[in-house]
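Written out below as structure tokens is the structure these notes cover.
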Amino acid sequence: MTFQQVYGYEPAVRYSAPGRVNLIGEHTDYNDGYVLPFAIDRRTTASIAPREDRLLRVASAFEPDAVHELSLDALSPEGMDGWSSYVFGIAWALREQAGVSLDGRTGFDVFIDSDVPVGAGLSSSAAIECGIALALSDLWDLGLDRKALARVGQYSENHAVGAPTGIMDQSASLLGEQDAVVFLDCRTLDTAVVDLALEANGLEVLVIDTRVEHAHATGGYKARRDSCERGAQVLGVSALRDVTVEDLPRAQELLDDETFRRVRHIVTEDQRVLDTVRTLREQGPRAIGDLLVASHASMRDDFEISVPELDLAVETAMQHGAVGARMTGGGFGGAAIALVDLEARDTIAAAVTAAFAEAGYREPTVFTVHAAQGARRD
Ligand code: ADP
Ligand code: MG
């Protein structure tokens, strides 16, 4: 299905934005900490044409034959539902969050197509938001920089869609560069692009999508956030970012066992992100394997957001020679990543698939991703 088939004429412009993989730094974003995602070579494309009236029309290959409409005069979260709120929400958030006046602006027709797997923890949601945000910034000549657009995307996801997520996904989708990771300080929103240099080192990243849906994700995610907030409160800091590894013995005395383990994950994970950045800069990607594995163990044992399928994916990849592996994304399902030698890739992929069959799990989807350029006009 195409724009032409839906609307009967050709689009004026095409924008695309990528999904992302988080290399390391999980659940640290809402603790004001550090994350290290990269944009992937799986993209969502928005084909767009401006209209002369105030109407917004959106369609997606995702839901053939449906065209959702909303007027710029009627933008409010209450008037949006389903996937179209990922598009309408951006126009609304431009006004609400970035203070853009929508008076006198004209609407648009948009058609969305994507090869980012949906709901696999690769942020198909940010891919759609960021492509639309960049497109509207251009169409309406807003001159907003990419960090401002990331905040608009996050605001829309939080308040129009209603998902309480951090700013990592939008930052990766907008600021990503080829063969590089985006080091993001979620407190200051400072970013630095760090060379990943996988190709030069004969490495690749395998994504193992367990296809376990984040069934309890909403409840589990909120419970983890609550634990982190409780921990920060007892420890007298505004966010767990302000707790260091050296503070952990004292934290253990003050906190109940479960809250302490949640806190320990965040504190050690922040340190692992910093260590990963330093290691990438000083020694290259082959040296970060232990950090990835330690991150997985911390999510499995302390933060308790892994599932048996993710653990099996990580263990099997490591047994078959991966340099490192960990679950990625919010957890309770979704995908794991494995850093692998090019030559070992197929063996590892086959071993994971076989191990899943053996365990009686649903067949995983295994594919390679490369660190790719962020949102752009195509
Ligand atoms: P993830 O971001 O991990 O893929 P989310 O639940 O955050 O999972 O976002 C997935 C939702 O984003 C989908 O359920 C749908 O509403 C919307 N979405 C993503 N890609 C598309 C698309 N190509 N067309 C329409 N809606 C999409
Ligand atoms: Mg998402």
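Scheme for the structure tokens: letters A, B, ... for chains in order shown; per-chain residue numbers from 1; ligand numbers from 1 in order shown.
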Residues of chain A at most 10 Å from ligand 2: nearest atom pair and distance in Å, only C-alpha atoms and all ligand atoms, as JSON lines:
```
{"residue": "A:Gly19", "atom": "CA", "partner": "ligand 2", "partner_atom_place_in_ligand_line": "1 (Mg)", "distance": 9.0}
{"residue": "A:Arg20", "atom": "CA", "partner": "ligand 2", "partner_atom_place_in_ligand_line": "1 (Mg)", "distance": 9.8}
{"residue": "A:Val118", "atom": "CA", "partner": "ligand 2", "partner_atom_place_in_ligand_line": "1 (Mg)", "distance": 8.3}
{"residue": "A:Gly119", "atom": "CA", "partner": "ligand 2", "partner_atom_place_in_ligand_line": "1 (Mg)", "distance": 6.9}
{"residue": "A:Ala120", "atom": "CA", "partner": "ligand 2", "partner_atom_place_in_ligand_line": "1 (Mg)", "distance": 8.6}
{"residue": "A:Gly121", "atom": "CA", "partner": "ligand 2", "partner_atom_place_in_ligand_line": "1 (Mg)", "distance": 6.6}
{"residue": "A:Leu122", "atom": "CA", "partner": "ligand 2", "partner_atom_place_in_ligand_line": "1 (Mg)", "distance": 7.2}
{"residue": "A:Ser123", "atom": "CA", "partner": "ligand 2", "partner_atom_place_in_ligand_line": "1 (Mg)", "distance": 4.1}
{"residue": "A:Ser124", "atom": "CA", "partner": "ligand 2", "partner_atom_place_in_ligand_line": "1 (Mg)", "distance": 5.8}
{"residue": "A:Ser125", "atom": "CA", "partner": "ligand 2", "partner_atom_place_in_ligand_line": "1 (Mg)", "distance": 4.3}
{"residue": "A:Ala126", "atom": "CA", "partner": "ligand 2", "partner_atom_place_in_ligand_line": "1 (Mg)", "distance": 6.1}
{"residue": "A:Ala127", "atom": "CA", "partner": "ligand 2", "partner_atom_place_in_ligand_line": "1 (Mg)", "distance": 8.6}
{"residue": "A:Ile128", "atom": "CA", "partner": "ligand 2", "partner_atom_place_in_ligand_line": "1 (Mg)", "distance": 9.7}
{"residue": "A:Glu129", "atom": "CA", "partner": "ligand 2", "partner_atom_place_in_ligand_line": "1 (Mg)", "distance": 9.9}
{"residue": "A:Glu157", "atom": "CA", "partner": "ligand 2", "partner_atom_place_in_ligand_line": "1 (Mg)", "distance": 8.4}
{"residue": "A:Ala163", "atom": "CA", "partner": "ligand 2", "partner_atom_place_in_ligand_line": "1 (Mg)", "distance": 8.3}
{"residue": "A:Thr165", "atom": "CA", "partner": "ligand 2", "partner_atom_place_in_ligand_line": "1 (Mg)", "distance": 8.0}
{"residue": "A:Asp169", "atom": "CA", "partner": "ligand 2", "partner_atom_place_in_ligand_line": "1 (Mg)", "distance": 7.5}
{"residue": "A:Gln170", "atom": "CA", "partner": "ligand 2", "partner_atom_place_in_ligand_line": "1 (Mg)", "distance": 9.5}
{"residue": "A:Gly329", "atom": "CA", "partner": "ligand 2", "partner_atom_place_in_ligand_line": "1 (Mg)", "distance": 9.1}
{"residue": "A:Gly330", "atom": "CA", "partner": "ligand 2", "partner_atom_place_in_ligand_line": "1 (Mg)", "distance": 9.3}
```
Give me, as JSON lines, the closest atom pair and its distance (Å, one decimal) for every residue of stretch 8-92 of chain A within a cut-off of 10 Å of stretch 133-153 of chain A, counting only C-alpha atoms, rows sorted by chain and rising number.
```
{"residue": "A:Val13", "atom": "CA", "partner": "A:Ala135", "partner_atom": "CA", "distance": 8.5}
{"residue": "A:Arg14", "atom": "CA", "partner": "A:Ala135", "partner_atom": "CA", "distance": 8.2}
{"residue": "A:Tyr15", "atom": "CA", "partner": "A:Ala135", "partner_atom": "CA", "distance": 6.2}
{"residue": "A:Ser16", "atom": "CA", "partner": "A:Ala135", "partner_atom": "CA", "distance": 8.8}
{"residue": "A:Ala17", "atom": "CA", "partner": "A:Leu134", "partner_atom": "CA", "distance": 8.8}
{"residue": "A:Ala46", "atom": "CA", "partner": "A:Ala135", "partner_atom": "CA", "distance": 8.2}
{"residue": "A:Ser47", "atom": "CA", "partner": "A:Ala135", "partner_atom": "CA", "distance": 9.3}
{"residue": "A:Ile48", "atom": "CA", "partner": "A:Ala135", "partner_atom": "CA", "distance": 8.1}
{"residue": "A:Ala49", "atom": "CA", "partner": "A:Leu139", "partner_atom": "CA", "distance": 9.1}
{"residue": "A:Pro50", "atom": "CA", "partner": "A:Leu139", "partner_atom": "CA", "distance": 7.6}
{"residue": "A:Tyr86", "atom": "CA", "partner": "A:Gly153", "partner_atom": "CA", "distance": 8.8}
{"residue": "A:Val87", "atom": "CA", "partner": "A:Ala133", "partner_atom": "CA", "distance": 8.5}
{"residue": "A:Gly89", "atom": "CA", "partner": "A:Gly153", "partner_atom": "CA", "distance": 8.3}
{"residue": "A:Ile90", "atom": "CA", "partner": "A:Ala133", "partner_atom": "CA", "distance": 6.2}
{"residue": "A:Ala91", "atom": "CA", "partner": "A:Leu136", "partner_atom": "CA", "distance": 7.6}
{"residue": "A:Trp92", "atom": "CA", "partner": "A:Val152", "partner_atom": "CA", "distance": 9.2}
```
(Q) Please extract the residues of stretch 260-332 of chain A with a backbone DSSP assignment of alpha helix (DSSP H) and present them as JSON, numbers by chain. (A) {"A": [260, 261, 262, 263, 264, 265, 266, 267, 268, 269, 270, 271, 272, 273, 274, 275, 276, 277, 278, 279, 280, 281, 282, 289, 290, 291, 292, 293, 294, 295, 296, 297, 298, 299, 300, 301, 308, 309, 310, 311, 312, 313, 314, 315, 316, 317, 318, 319]}
(Q) Which of stretch 211-327 of chain A end up as strand (DSSP E) when DSSP is run on this backbone - answer as a PyMOL selection string? (A) chain A and resi 324-327
Q: Name the residues in contact with A:Asp270 at a cut-off of 12 Å, using only C-alpha atoms, excluding same-chain residues fewer than 6 positions from it; report them as an MDAnalysis selection string.
A: chainID A and resid 24:36 183:186 240:245 263:264 276:277 291 295 298
(Q) I'd like the contact shell of stretch 196-198 of chain A - 8 Å cut-off, only C-alpha atoms, skipping same-chain residues fewer than 4 positions apart - returned as a list in words. (A)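 Here the qualifying residues turn out to be Asp179, Ala180, Val181, Gly202, Leu203, Glu204, Leu280, Gly284 and Pro285 of chain A.
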Q | Selected residue of minimal separation from ligand 1 among A:Ala338, A:Val182, A:Val161, A:Ala39, counting only C-alpha atoms and all ligand atoms | A | A:Val161
Q) What is the atom CA of A:Val237 to atom CA of A:Ala251 distance in Å? A) 11.6 Å
Q.
Residues within 9 Å of A:Arg362, please, as a list in words. Count only C-alpha atoms; anything in the same chain fewer than 6 positions from it doesn't count.
A. Thr210, Arg211, Val212 and Phe356 of chain A
Q. With only C-alpha atoms and all ligand atoms as the basis for distance, which of A:Ala335, A:Cys228, A:Val273, A:Leu189 is at the shortest distance from ligand 1?
A.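 Ranked by minimum distance to ligand 1, first place goes to A:Ala335.
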Q: Quick one: pull the distance between atom CA of A:Leu70 and atom CA of A:Thr106, Å, one decimal.
A: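 About the pair atom CA of A:Leu70 and atom CA of A:Thr106: they are 12.2 Å apart.
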